[in-house]
Structure formats: structure tokens, C-alpha cells
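Below is input_26.txt, holding compact mmCIF, C-alpha atoms and all ligand atoms.
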# COMPACT_ATOMS: atom_id res chain seq x y z
CA MET A 273 83.14 151.87 30.36
CA ALA A 274 83.49 149.43 27.41
CA GLN A 275 87.25 149.33 27.89
CA GLU A 276 87.00 148.81 31.63
CA VAL A 277 84.36 146.07 31.40
CA LEU A 278 86.18 144.26 28.59
CA HIS A 279 89.44 144.41 30.55
CA GLY A 280 87.79 142.64 33.51
CA LEU A 281 86.06 140.09 31.29
CA GLY A 282 89.35 139.41 29.52
CA SER A 283 91.10 138.73 32.84
CA GLU A 284 91.59 135.38 34.53
CA PRO A 285 89.52 135.01 36.71
CA LYS A 286 86.90 137.34 35.22
CA PHE A 287 85.75 140.36 37.23
CA ILE A 288 83.76 143.59 36.95
CA SER A 289 83.57 146.55 39.35
CA PRO A 290 80.67 146.63 41.85
CA LYS A 291 79.88 150.13 40.60
CA TYR A 292 78.04 148.46 37.71
CA PHE A 293 75.28 147.33 40.09
CA TYR A 294 74.02 150.87 40.37
CA ASP A 295 71.81 151.92 37.51
CA ALA A 296 68.29 153.10 38.48
CA ARG A 297 67.00 149.55 38.97
CA GLY A 298 70.16 148.52 40.86
CA SER A 299 69.83 151.47 43.24
CA ALA A 300 66.18 150.53 43.87
CA LEU A 301 67.21 146.90 44.50
CA PHE A 302 69.88 148.06 46.94
CA GLU A 303 67.23 150.07 48.81
CA GLU A 304 65.20 146.86 49.01
CA ILE A 305 68.25 144.97 50.32
CA THR A 306 68.61 147.47 53.17
CA GLU A 307 65.13 146.47 54.38
CA LEU A 308 65.67 142.68 54.30
CA ASP A 309 65.58 140.73 57.57
CA GLU A 310 68.93 139.12 56.73
CA TYR A 311 70.66 142.41 55.84
CA TYR A 312 71.34 143.73 59.35
CA LEU A 313 73.88 146.40 58.29
CA THR A 314 71.72 149.44 57.48
CA ARG A 315 69.24 148.84 60.28
CA THR A 316 71.99 148.38 62.87
CA GLU A 317 73.89 151.47 61.75
CA MET A 318 70.70 153.56 61.79
CA SER A 319 69.89 152.54 65.35
CA LEU A 320 73.44 153.46 66.38
CA PHE A 321 72.95 156.92 64.89
CA ASP A 322 69.59 157.25 66.63
CA ALA A 323 71.02 156.24 69.99
CA HIS A 324 74.26 158.22 69.88
CA LEU A 325 73.78 161.28 67.66
CA GLU A 326 73.94 163.68 70.62
CA ASP A 327 77.19 162.12 71.80
CA MET A 328 78.63 162.30 68.28
CA ALA A 329 77.57 165.93 67.83
CA GLY A 330 79.03 166.88 71.22
CA ARG A 331 82.40 165.40 70.30
CA LEU A 332 82.44 167.19 66.94
CA GLY A 333 81.77 170.54 68.55
CA GLU A 334 80.72 173.75 66.83
CA SER A 335 81.90 175.39 63.58
CA VAL A 336 81.93 172.16 61.63
CA CYS A 337 82.22 171.57 57.91
CA LEU A 338 80.68 168.19 57.12
CA ILE A 339 82.19 166.43 54.10
CA GLU A 340 80.14 163.50 52.84
CA TYR A 341 81.95 160.94 50.68
CA GLY A 342 79.33 159.74 48.17
CA SER A 343 76.10 161.67 48.44
CA GLY A 344 73.51 158.91 48.43
CA ASN A 345 72.70 158.60 52.13
CA SER A 346 70.00 161.18 52.51
CA ARG A 347 68.34 159.70 55.62
CA LYS A 348 71.61 159.51 57.55
CA ILE A 349 72.95 162.89 56.46
CA ARG A 350 69.69 164.59 57.48
CA LYS A 351 69.93 163.24 61.01
CA LEU A 352 73.50 164.45 61.21
CA LEU A 353 72.68 167.89 59.77
CA GLU A 354 69.90 168.33 62.33
CA THR A 355 72.00 167.36 65.32
CA VAL A 356 75.50 168.59 64.42
CA SER A 357 74.22 171.82 62.78
CA PRO A 358 77.34 172.28 60.65
CA GLN A 359 78.18 175.67 59.13
CA ALA A 360 78.85 174.07 55.77
CA TYR A 361 78.13 170.80 54.00
CA VAL A 362 80.37 169.49 51.21
CA PRO A 363 78.92 166.47 49.40
CA VAL A 364 81.54 164.75 47.24
CA ASP A 365 80.37 162.49 44.43
CA ILE A 366 81.56 161.32 41.03
CA SER A 367 78.07 161.97 39.61
CA ASN A 368 77.18 165.61 39.03
CA GLU A 369 73.55 164.61 38.63
CA HIS A 370 73.42 163.02 42.11
CA LEU A 371 75.12 166.10 43.57
CA GLN A 372 72.66 168.57 42.04
CA GLU A 373 69.65 166.49 43.06
CA ASN A 374 70.94 166.10 46.59
CA ALA A 375 71.76 169.81 46.98
CA ARG A 376 68.33 170.80 45.68
CA ALA A 377 66.49 168.40 48.01
CA LEU A 378 68.47 169.54 51.08
CA HIS A 379 68.07 173.23 50.35
CA ALA A 380 64.31 172.93 50.82
CA ASP A 381 64.71 171.62 54.39
CA PHE A 382 67.93 173.39 55.45
CA PRO A 383 67.65 176.80 53.75
CA ALA A 384 70.41 178.38 55.87
CA LEU A 385 72.96 175.64 55.27
CA HIS A 386 75.87 176.48 52.97
CA VAL A 387 76.24 173.61 50.50
CA TYR A 388 79.39 173.34 48.39
CA PRO A 389 79.11 170.29 46.13
CA VAL A 390 82.37 168.86 44.84
CA CYS A 391 82.30 166.63 41.78
CA ALA A 392 85.29 164.33 42.23
CA ASP A 393 86.54 160.77 42.48
CA PHE A 394 87.05 160.48 46.24
CA THR A 395 89.56 157.67 45.97
CA GLN A 396 91.89 160.68 45.43
CA PRO A 397 92.38 163.44 48.07
CA VAL A 398 89.58 165.97 47.69
CA ALA A 399 90.14 169.74 47.53
CA VAL A 400 87.43 171.51 49.54
CA PRO A 401 86.43 175.10 48.65
CA GLN A 402 88.16 178.02 50.41
CA GLU A 403 84.83 179.16 51.87
CA VAL A 404 85.09 176.48 54.56
CA ASP A 405 88.52 177.61 55.84
CA GLY A 406 88.56 177.93 59.63
CA LEU A 407 85.91 175.25 60.20
CA THR A 408 86.63 171.82 61.71
CA ARG A 409 86.45 169.38 58.82
CA VAL A 410 84.52 166.21 59.50
CA GLY A 411 84.30 163.48 56.88
CA PHE A 412 81.28 161.19 56.79
CA PHE A 413 81.43 157.74 55.20
CA PRO A 414 78.58 155.56 56.48
CA GLY A 415 77.07 152.26 55.35
CA SER A 416 80.27 150.22 55.43
CA SER A 417 81.00 151.63 51.99
CA ILE A 418 84.65 151.21 52.98
CA GLY A 419 83.99 147.46 52.67
CA ASN A 420 84.23 147.67 48.88
CA PHE A 421 87.89 148.74 49.17
CA ALA A 422 90.61 146.13 49.58
CA PRO A 423 92.71 146.92 52.69
CA SER A 424 95.43 148.63 50.62
CA GLU A 425 92.81 150.77 48.85
CA ALA A 426 91.13 151.50 52.20
CA HIS A 427 94.51 152.67 53.51
CA ARG A 428 94.94 154.96 50.51
CA PHE A 429 91.38 156.31 50.88
CA LEU A 430 91.81 157.01 54.60
CA THR A 431 95.17 158.70 53.96
CA GLY A 432 93.44 160.97 51.43
CA VAL A 433 90.68 161.80 53.92
CA ARG A 434 93.30 162.52 56.60
CA GLU A 435 94.98 164.93 54.16
CA THR A 436 91.63 166.61 53.44
CA VAL A 437 90.42 166.99 57.05
CA GLY A 438 93.84 167.85 58.52
CA SER A 439 95.07 167.37 62.08
CA GLY A 440 92.18 167.89 64.49
CA GLY A 441 89.76 167.05 61.69
CA ALA A 442 87.69 163.91 61.94
CA LEU A 443 86.02 161.07 60.09
CA LEU A 444 82.76 159.45 61.13
CA ILE A 445 82.73 156.06 59.45
CA GLY A 446 80.45 153.00 59.51
CA VAL A 447 82.21 149.62 59.47
CA ASP A 448 80.76 146.13 59.24
CA ARG A 449 82.34 143.75 61.74
CA LYS A 450 83.58 140.17 61.48
CA LYS A 451 81.08 137.72 62.94
CA ALA A 452 79.67 134.19 62.51
CA VAL A 453 80.05 133.16 58.87
CA SER A 454 76.39 132.04 58.70
CA VAL A 455 75.21 135.54 59.65
CA LEU A 456 77.47 137.13 57.03
CA GLU A 457 76.52 134.69 54.29
CA ASP A 458 72.78 134.97 55.00
CA ALA A 459 73.03 138.75 54.62
CA TYR A 460 74.20 138.23 51.01
CA ASN A 461 71.98 135.21 50.24
CA ASP A 462 68.56 136.44 51.28
CA ALA A 463 65.61 134.07 51.03
CA ARG A 464 63.64 136.36 48.69
CA GLY A 465 66.48 136.53 46.18
CA VAL A 466 66.75 140.32 46.18
CA THR A 467 70.57 140.18 46.42
CA ALA A 468 70.61 137.68 43.54
CA ALA A 469 68.53 140.10 41.43
CA PHE A 470 70.86 142.96 42.46
CA ASN A 471 73.93 140.94 41.42
CA LEU A 472 72.37 139.87 38.10
CA ASN A 473 71.29 143.43 37.41
CA ALA A 474 74.94 144.31 36.71
CA LEU A 475 74.55 142.22 33.53
CA ALA A 476 71.31 143.98 32.56
CA HIS A 477 73.05 147.32 33.13
CA ILE A 478 75.95 146.26 30.88
CA ASN A 479 73.49 145.01 28.25
CA ALA A 480 71.77 148.40 28.15
CA ARG A 481 74.92 150.52 28.20
CA LEU A 482 77.24 148.46 25.98
CA GLN A 483 74.91 146.78 23.49
CA ALA A 484 75.68 143.44 25.14
CA ASN A 485 73.53 140.31 25.10
CA PHE A 486 74.03 138.65 28.50
CA GLU A 487 71.16 136.24 29.17
CA LEU A 488 70.38 136.72 32.84
CA ASP A 489 69.03 133.18 33.22
CA GLY A 490 72.44 131.94 32.05
CA PHE A 491 74.06 132.95 35.38
CA ARG A 492 73.50 132.14 39.04
CA HIS A 493 74.18 134.31 42.09
CA LEU A 494 76.90 133.15 44.51
CA ALA A 495 78.00 134.85 47.73
CA ARG A 496 80.42 133.34 50.21
CA TYR A 497 82.76 134.43 52.97
CA ASN A 498 86.48 134.26 52.19
CA ALA A 499 88.06 133.88 55.63
CA GLU A 500 91.65 134.50 54.47
CA GLU A 501 90.71 137.79 52.82
CA GLY A 502 88.12 138.69 55.46
CA CYS A 503 85.44 139.54 52.95
CA ILE A 504 82.17 138.40 51.46
CA GLN A 505 82.75 137.75 47.77
CA MET A 506 79.95 137.83 45.22
CA PHE A 507 80.10 136.06 41.88
CA LEU A 508 77.89 135.30 38.90
CA GLU A 509 78.45 131.69 37.85
CA SER A 510 77.81 130.67 34.26
CA ARG A 511 75.14 127.95 34.12
CA ARG A 512 76.45 126.72 30.74
CA ASP A 513 79.15 127.09 28.14
CA GLN A 514 78.22 130.34 26.37
CA VAL A 515 79.47 133.26 24.31
CA VAL A 516 78.38 136.83 25.02
CA SER A 517 78.92 139.82 22.78
CA ILE A 518 79.77 143.17 24.38
CA ALA A 519 80.51 146.40 22.56
CA GLY A 520 81.42 144.50 19.40
CA GLU A 521 83.68 141.95 21.15
CA THR A 522 82.87 138.37 22.15
CA VAL A 523 83.57 136.83 25.54
CA HIS A 524 83.46 133.10 26.27
CA PHE A 525 82.18 131.63 29.55
CA ALA A 526 82.82 127.96 30.31
CA ALA A 527 80.13 126.10 32.25
CA ASN A 528 80.53 126.97 35.98
CA GLU A 529 83.04 129.72 35.24
CA THR A 530 82.69 132.63 37.68
CA LEU A 531 82.54 136.36 37.15
CA HIS A 532 83.62 138.14 40.37
CA THR A 533 81.36 141.14 41.01
CA GLU A 534 82.06 142.37 44.56
CA ASN A 535 84.18 142.16 47.70
CA SER A 536 82.71 143.37 50.97
CA TYR A 537 85.42 143.50 53.66
CA LYS A 538 84.63 142.99 57.33
CA TYR A 539 86.83 144.20 60.20
CA ASP A 540 87.64 143.30 63.77
CA LYS A 541 87.70 146.34 66.00
CA ALA A 542 91.48 146.08 66.50
CA GLU A 543 92.07 145.60 62.77
CA PHE A 544 90.15 148.73 61.90
CA VAL A 545 91.78 150.81 64.62
CA GLU A 546 95.16 149.74 63.25
CA LEU A 547 94.18 150.53 59.66
CA ALA A 548 93.04 153.98 60.78
CA ALA A 549 96.31 154.52 62.68
CA SER A 550 98.31 153.64 59.57
CA ALA A 551 96.52 156.52 57.82
CA GLY A 552 97.22 159.08 60.57
CA PHE A 553 93.97 158.76 62.55
CA THR A 554 93.31 157.92 66.20
CA ALA A 555 90.05 156.13 67.02
CA GLU A 556 88.56 158.57 69.52
CA ALA A 557 85.22 156.83 69.98
CA GLU A 558 83.37 153.74 68.80
CA TRP A 559 79.67 152.94 69.01
CA SER A 560 78.50 149.40 68.46
CA ASP A 561 75.41 147.25 69.03
CA ASP A 562 75.17 144.58 71.76
CA GLN A 563 76.27 141.84 69.35
CA GLN A 564 79.12 143.99 67.95
CA TRP A 565 77.87 143.38 64.42
CA PHE A 566 78.44 146.93 63.22
CA SER A 567 80.51 149.87 64.46
CA ILE A 568 80.57 153.59 63.88
CA PHE A 569 84.03 155.02 64.57
CA LEU A 570 84.94 158.62 65.21
CA LEU A 571 88.50 158.93 63.89
CA ARG A 572 90.54 162.02 64.73
CA GLY A 573 93.36 163.30 62.54
CA ASN A 574 96.65 163.02 64.43
CA SER A 575 98.67 166.18 64.93
CA THR A 576 101.90 164.40 63.96
CA ALA A 577 103.25 164.38 60.40
CA LEU A 578 101.45 162.02 58.06
CA PRO A 579 102.78 158.50 58.42
CA GLY A 580 103.42 156.45 55.35
CA ALA A 581 104.75 159.38 53.34
CA GLU A 582 107.80 157.33 52.47
CA ILE A 583 105.74 154.51 50.93
CA ARG A 584 103.91 156.76 48.47
C1 LIG B 601 76.95 149.19 49.74
C2 LIG B 601 79.04 148.06 49.60
C3 LIG B 601 78.04 148.43 51.74
O1 LIG B 601 78.82 145.41 50.80
O2 LIG B 601 77.02 145.18 51.99
C4 LIG B 601 74.77 144.66 49.56
C5 LIG B 601 76.63 146.34 48.88
N1 LIG B 601 76.18 144.03 48.07
N2 LIG B 601 74.46 143.42 49.20
C6 LIG B 601 77.65 145.71 51.07
C7 LIG B 601 75.88 145.03 48.86
C8 LIG B 601 75.29 143.03 48.27
C9 LIG B 601 76.97 146.82 50.26
N3 LIG B 601 77.75 148.10 50.32

Here is a file; write its structure as C-alpha cells.
Amino acid sequence: MAQEVLHGLGSEPKFISPKYFYDARGSALFEEITELDEYYLTRTEMSLFDAHLEDMAGRLGESVCLIEYGSGNSRKIRKLLETVSPQAYVPVDISNEHLQENARALHADFPALHVYPVCADFTQPVAVPQEVDGLTRVGFFPGSSIGNFAPSEAHRFLTGVRETVGSGGALLIGVDRKKAVSVLEDAYNDARGVTAAFNLNALAHINARLQANFELDGFRHLARYNAEEGCIQMFLESRRDQVVSIAGETVHFAANETLHTENSYKYDKAEFVELAASAGFTAEAEWSDDQQWFSIFLLRGNSTALPGAEIR
């Protein structure tokens, strides 16, 4: 972690990975974000699941193995488990602790469900256990988590999922859509300042983990839409000229210098369908709200050979 953080802070412009938001306090702040008036994403996606779960389940059929990428979406996965009734559930997460907790909590409510946790970095293709052979593999990646990947990384991720689920396998994925810039920017600049606290918490997390001395009142939260890139970008802007020590090294911030903390990519429907196609998926169904602010796509693995093999 020290090496990774110092690499980003030594770069020009400075950056850190958005994964540093998520210590215990950061996860609690994210939960709070999902309930904000301005943050329409979670609420919109949830209502799409509520309205269309039966349709989704019908399309997925029987004898399903559900593979969840990142195992932190307990409310959504429960709805899916109840309606799809999969034979097996494979949560994939980089954190063994999250996996164990999740498996334990689910076992209480779904005692008959076979759970096969896989501890892995899902930016790589994931090997699922032999026990699920013969079942239709269905990936699940809700919440617009794909938004944290740049398009080239998203392509690589989807290609890995396509490899894991195979032809005839599927991916159910939540995607935040392009829309009026004011709506996007308000979602990341809420009036109560919860997103600001969430952004600044990355510094508190680094302080605790790397014996650093970031002063949180020395930085301000910035979030704006980058139209060329098609993403919301979050930054922490230094309020003054200052020096911070981190894991025995010192890092200088000029006044108004920015530290880039997150990209959150937004997609047009056609853009996402094309991205999926480039990874060997056909968009079989799409569910969206009246304003088309958020979409859930059901992607189906093509039966043809994997495209893009030559560019790997
Ligand atoms: C969890 C990556 C989907 O991009 O909207 C929320 C994270 N950052 N507010 C998003 C986030 C600031 C969120 N994702």
C-alpha cells in the first residue's frame, strides 16, 4: 500500500486509487451517500430490480450459478437469490474477511444454497469451482461499479467475465447513464457534504494505515464532469502550500494543487452496448427508468470465438 500510494503522490498530476475510500468509516459514508436526495443511482437501480426481477429471473432460466463480482451488495443479491433461486452462488472478492462475513450472513437465510466463495482480484478472469459445472453462469455487477474502470479497463474486465461465464452465460450489470451535467455534478456535490467527507476520508484512511499526517482541513472536495472523458472526476485540492509525511517520505502540495481520487464513467446506451459487444457479449435486454438515468443490462455471452484475442 505504501508503495502504491507514494507512486501516485509522486506522479504529475497526483492521484490515488478510489479503493482507499473504503475503510470502515468510508464504507459507512458510502452507505449514507446512497440515501442522499442528489445521489439517484442506488435508488433508481433498486426500483428497477423491484419492478423487473421476475422478467430478469425468467430470462436467466433454471439451473443458474450466480457469480457476484465484489460481495458488498447484500440487499440486491438477496432479492436476486429469492427470485432467481440459483443452484449455486459464487461471491468473488479481494477481501477474505468480506467473503466470510457475507457467506455466514447468507447461510442463515438461504440454508439450502451452495455458496462457493472465491478470494480473487476480479480484474483478472476468475476460475470458478468445478462444483458448478453444468450450470448456466450468470455474473452480477450492480451499482455502476463498472464506472470506476476507464473504458479500456472496462473492456478488459468484461472480456474476463465473458471468459468466465462462457457462451450462453450472462452478465447482469448496472450502468449509470449520461445525462444533464447539473444532475451528474449534484450527485457528487451533495448539499450536506457527505460526498466531501467520503472523499476526504481517503486521507484519514492513509493517515491511519501509513503513519501519514494529512491535515483534512488542508484540502477541499472537488467533483466535476469531464465531458471529453465522459466521467465525473473527484479531486482533493490543497488549500495551501504544504508538506505531508507518509510512510517516512515527504510529499509537497502547492496551493491549489489537486490530488485526483476517482473517475466515475457514464455511458450512453449505444456506447455501452458497443463496449459489451467488443468483449463478446450481446445486450439481450435493458431496463431503465423513465428519465433513462440508470440502466440494468442483461448481457449474453456470444457463441462465436472471443473477439479481441489478437489484441491481447
Ligand atoms: C461505488 C463507484 C459506483 O461512482 O458513484 C459515490 C462511488 N463516489 N460518490 C460512484 C462514489 C462518490 C460510486 N461507485

What residues of the protein or nucleic acid chains come within 9 Å of ligand LIG 601 (chain B) when you use all atoms listed in the file? Reply as number ranges by chain.
A: 290, 293, 302, 305-306, 311, 313-314, 414-421, 447-448, 459-461, 466-468, 470-471, 495, 504, 506, 534-537

Would you kindly return, as number ranges by chain, each protein, DNA or RNA residue with an atom no farther than 12 Å from any atom of range 423-432 of chain A, considering all atoms listed in the file and excluding same-chain residues fewer than 2 positions away?
A: 341, 393-399, 411-413, 416-421, 434-439, 442-445, 447, 501-503, 535-539, 543-554, 571-574, 577-581, 583-584

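When all atoms listed in the file are used to measure the gap to Ala323 in chain A, the shortest distance among A:Asp561, A:Ala519, A:Ile478, A:Phe566 belongs to A:Asp561.
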
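Counting all atoms listed in the file, the residue from A:Ala499, A:Leu378, A:Asp462, A:Leu338 that sits nearest to Asp309 in chain A is A:Asp462.
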
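Shortest atom-to-atom contact with Gln514 in chain A among A:Glu354, A:Glu529, A:Asp562, A:Glu369: A:Glu529, counting only C-alpha atoms.
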
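Taking CA of Trp565 in chain A and CA of Glu310 in chain A as endpoints, the distance between them is 12.5 Å.
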
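For the residues A:Gly465, A:Cys337, A:Asp513, A:His379, ranking by smallest atom-to-atom distance to Glu403 in chain A using all atoms listed in the file places A:Cys337 first.
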
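We find CA of Ala274 in chain A and CA of Arg481 in chain A to be spaced 8.7 Å apart.
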
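With all atoms listed in the file as the atoms that count, the residue of A:Val410, A:Gln402, A:Gln483, A:Phe491 with the shortest distance to Ala469 in chain A is A:Phe491.
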
Under the rule that all atoms listed in the file are counted, which of A:Phe486, A:Tyr388, A:Trp559, A:Phe525 is the nearest residue to Arg512 in chain A?
A:Phe525

How many Å lie between CA of Ser319 in chain A and CA of Glu373 in chain A, rounded to one decimal?
26.3 Å

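Every protein, DNA or RNA residue with an atom at most 12 Å from Gln563 in chain A, where only C-alpha atoms count and chain neighbours fewer than 6 positions away do not, is listed here: Tyr312, Thr316, Asp448, Arg449, Lys450, Lys451, Ala452 and Val455 of chain A.
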
Contacts of Val523 in chain A at 9 Å (all atoms listed in the file; same-chain gap of 5+ positions) as an MDAnalysis selection string:
chainID A and resid 278 281:282 514:518

List every protein, DNA or RNA residue with an atom no more than 7 Å from (81.2, 172.3, 64.5) in the file's coordinates, counting only C-alpha atoms, and format the result as an NGL selection string.
:A and (332-337 or 356 or 358 or 408)

Could you check which residues have any atom within 6 Å of (82.3, 165.1, 50.5), counting all atoms listed in the file with coordinates taken straight from the file, and then list them as a PyMOL selection string?
chain A and resi 339-341+362-364
